[in-house]
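Working notes, beginning with the structure itself.
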Amino acid sequence: MGETAVKAPEAGRPEPRQEDGARTGHWWHSAVVPVLAVVTALAIGGLVIVFSDADLLRSWSGFFRHPLETLRLSWDVVWQSYKALFEGALGNPGDISRALVHGDWTALRQALSPLSETIVASTPLIFAGLSVAIGFKANLFNIGGEGQITVGAIAGTMVGFSFGWLPGPIHVLLIVLASFVGGAAWGFVPGILKAKTGAHEVIVTIMMNYIAYRLADYCLSTTFFRRPDRTDPISKPVDVAYPHLLGSDLRLNLGIVVALVVVAAVAYLLNRTIVGFEFRAVGANPDASRAAGISPGRVFVLVMTLAGGVAGMAGGNQLLSVSPSLTPGYSSGFGFDGIALALLGNTNPWGVVAAAFLFGAMRAGSRAMQAATATPVDIVTVIQALVIVFVAAPSLVRSIWRIKVPRPSGLEIVTKGYS
Amino acid sequence: MTVSPAALRERPVSMTRARALGLFFLAVAIAMFVLFALGSDPGAETTFGLNPGHGGTAVRIGDLTLPSRETALLLSVVCAFLGGVQLTRGFGARTNLVIGVVAFLFVVAFLTWAAAGRSLNVVGLLSSTLLRAVPITFGALAGVLCERAGVVNIAIEGMLLSAAFTGSTVASATHNLWIGMLGGAAVGGLLGWFLAVLSIRYLVNQVIGGTAINLFALGITGFLSARVLEPYQELNNPGRFEPLAIPAFSKIPIIGPVLFDNNVFVYIMFALIALIYFGLFYTRWGLRVRAVGEHPRAADTVGIRVLLTRYRNVVLGGIVAGIGGAYFTLGSVGRFDENMTAGRGFIGLAAMIFGRWNPVGAFLAALVFGFADSLQTKLSILNVPIPSEFLLMAPYIVTIVVVASAGRKARMPAADGQPYVKE
């Protein structure tokens, strides 16, 4: 707690490394911190698992009598939990190789089902992380992912059960578009408020989240939305779904292809178009952008609307792949995960995909972990929060692991409070 | 309170704005007339109960029974009159007060219409407003302490939630509510310290750090709640603080039971409001804090220890948020439920902005939110023909309106959110 603060050049919003040539070097240099961040977060998560287990705590109270036994027991519990997590996410390597060797397609499909689950779980996260990353490019914090996903899902559901007479592919396309429009409308509001009144988007988007939850509750209470034969809040199911990619017993579907196409499109928009340049210019320096003839207000509105639309597509994706009916809490934390993903992926669209895969693996595996070892799924939220902390504070990771600081360069972007 | 030159110059800006406001008042008056006066059945009467539901006051006041239609009509006429004055002359420096009056009249007319033919207990409404404003106020006070020193604290929500969990668990384990409250305060301070380290020493973007802490708090309380509280139910049974009536004052008609018959958290809240207000604006400590928040480099050159001040204030803010968090379990519900704070920390931030980073203003703003919150419960009881989900949206919509309208005019501490690097 001394008077000097650590001078960390990459503090603040993650800087766009692909533009600052002086920083790059080997690509894996920039991967060291995120990887270590994840490792450290897993380690601390392991500590939480150990010290919340009543039996282990009892064993620890007798530590000096049987130290090795205590350590072995603790390691066992953590290892079992993480192993269940890993296998729930990616599958058992033994099963996969056996099936490959025997040429047994049915067994192979079964062995690959965790991987398929991971991809299915990652797809909405890709949209969510992309949404936050788009916002970060213009230095806007889009915390409203939850609400945007929810409203996108509401719009998608409405179109989904209303236009059953349309041919399949057209109907699917319409649902996707509807979810985009719904989310975009929800992102438009904070954007225009920020542009016209200077209202800080963090508070507005958070409030819009809660309003969206209530809106979904309301919709599910109307006879228009609700499934006629049920009294619990569940909507009429959407009529169509994405086709499966590897046979109908695996849940892997077209959604991941759609997601990757959107990622490519957004990456193109951000890096190779004038509009994308305007986004990044306003993000770096709104005043200079205004002097250059770019309207920051217009950019705020465009960015938030686009970000909202992309987030809304996550809702549409869920409707078309895993849960065809809208239920309360449909967005299930994807929006908040998106923040971690955007940070972990350094706001780079493809980095977000990698991070989404990691988090999707954790989500898919956590259910198996809870089933196998009774470790509650919330530990994954804790690990994700720790990952955010460590990725946002690279110097913290470095000081834990005693890594030398590379030669500093580049931007230092800070919050400007509520302006 | 120190009067800045800017405040002296602050008057409603232009004639067009004044005229627009006048037209707005007239529109409100017309809406009141159409919706509430014409909307009430002729001959219906609204009874405003003025006695508390339990306990008693020194003098039992008769309920106020008003003819619904005529009352709404009268209120809309008054609004129209105010609108007319605003349109022609304007109210000058008192415009903000008049806006408040118009809002108040609208609400009274709304209540008259909503409770037409039935009765509405005003004391109950006020009491409920105050209680719902308590956690929001604690959150706002924590925000004031942090932001006056220049640190944006988004993590208030996480602090509230963690303190609610800790307070409940510690109080259940030790069978002592006070130790539970202390536990909550300690956890809040700990999270504050963590936020301070992240944003001051490691220069992490304060919004990101705050969001991470919120996620961490959500995850760990959910995890521990499932892992520890579910198997050991006795750790989730702390009980609550009982209301403590202050002898003479609580007998004052109408406001007595509202203000002076509450549990200890409310009294702590009042004390903190006064303490922080006095501390920030009338002591040397407060002057230094505000200097650090406005212009840390200038403060540094005068010898004020900028980073230490920021650390101290963020930890203090965390402690205040911790007490507020303990209110959820030890002062209100009596047990911990997952994610029970439901965004009150963020509403507290909005209250802080609405209240211009001033403890008293933040409290008044929190009352507005508390009123919106308690109104929706009352209205659903009264069977008002608005779906309850929309009523539940009310506090959040009010927050957005407040943040949007206060956005430019509110002057936050100039160095808010900017990390300070000593050279």
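Every chain in the structure tokens has a letter given in the order shown (A, B, ...), and although residue numbers restart at 1 in each chain, ligands are simply numbered from 1 in the order shown.
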Residue list (strand (DSSP E or B), DSSP) for stretch 50-268 of chain B, as a PyMOL selection string: chain B and resi 64-67+119-121+244-245+261-262
Per-residue DSSP, stretch 324-366 of chain B, filtered to helix (DSSP H, G or I), as a list of chain:residue names: B:Gly324, B:Gly325, B:Ala326, B:Tyr327, B:Phe328, B:Thr329, B:Leu330, B:Gly331, B:Ser332, B:Val333, B:Arg344, B:Gly345, B:Phe346, B:Ile347, B:Gly348, B:Leu349, B:Ala350, B:Ala351, B:Met352, B:Ile353, B:Phe354, B:Pro359, B:Val360, B:Gly361, B:Ala362, B:Phe363, B:Leu364, B:Ala365, B:Ala366
Contacts of stretch 143-154 of chain A within 9 Å, only C-alpha atoms, excl. fewer than 4 positions in-chain, as number ranges by chain: A: 128-129, 131-132, 158-159, 176, 178-187, 190, 201-213, 215-216, 219, 307-319, 326, 329-336, 338-339
Two-atom distance - atom CA of A:Gly360, atom CA of A:Trp401 (Å): 26.6 Å
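Proximity to stretch 305-310 of chain B at 6 Å, evaluated using only C-alpha atoms and with sequence-adjacent residues fewer than 2 positions away removed, yields Ala149, Val292, Arg312 and Asn313 of chain B.
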The selected residues should be written to file as a PDB file, in the first residue's frame (atoms: N, CA, C and O atoms).
```
ATOM      1  N   ALA B 149     -13.758  10.212  -3.570  1.00  0.00           N
ATOM      2  CA  ALA B 149     -12.305  10.108  -3.585  1.00  0.00           C
ATOM      3  C   ALA B 149     -11.790   9.748  -4.968  1.00  0.00           C
ATOM      4  O   ALA B 149     -10.588   9.613  -5.158  1.00  0.00           O
ATOM      5  N   VAL B 292      -8.859  15.067  -3.391  1.00  0.00           N
ATOM      6  CA  VAL B 292      -8.316  13.908  -4.094  1.00  0.00           C
ATOM      7  C   VAL B 292      -9.226  13.490  -5.236  1.00  0.00           C
ATOM      8  O   VAL B 292      -8.776  13.108  -6.309  1.00  0.00           O
ATOM      9  N   ARG B 312      -8.332   4.193   1.804  1.00  0.00           N
ATOM     10  CA  ARG B 312      -9.151   4.311   3.011  1.00  0.00           C
ATOM     11  C   ARG B 312     -10.611   4.464   2.650  1.00  0.00           C
ATOM     12  O   ARG B 312     -11.485   3.810   3.208  1.00  0.00           O
ATOM     13  N   ASN B 313     -10.884   5.345   1.686  1.00  0.00           N
ATOM     14  CA  ASN B 313     -12.278   5.603   1.349  1.00  0.00           C
ATOM     15  C   ASN B 313     -12.955   4.407   0.724  1.00  0.00           C
ATOM     16  O   ASN B 313     -14.122   4.136   0.989  1.00  0.00           O
TER      17      ASN B 313
END
```
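Taking atom CA of A:Thr123 and atom CA of A:Val303 as endpoints, the distance between them is 21.5 Å.
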Atom-to-atom span, atom CA of B:Leu126 and atom CA of B:Thr329, Å: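 Atom CA of B:Leu126 sits 21.7 Å away from atom CA of B:Thr329.
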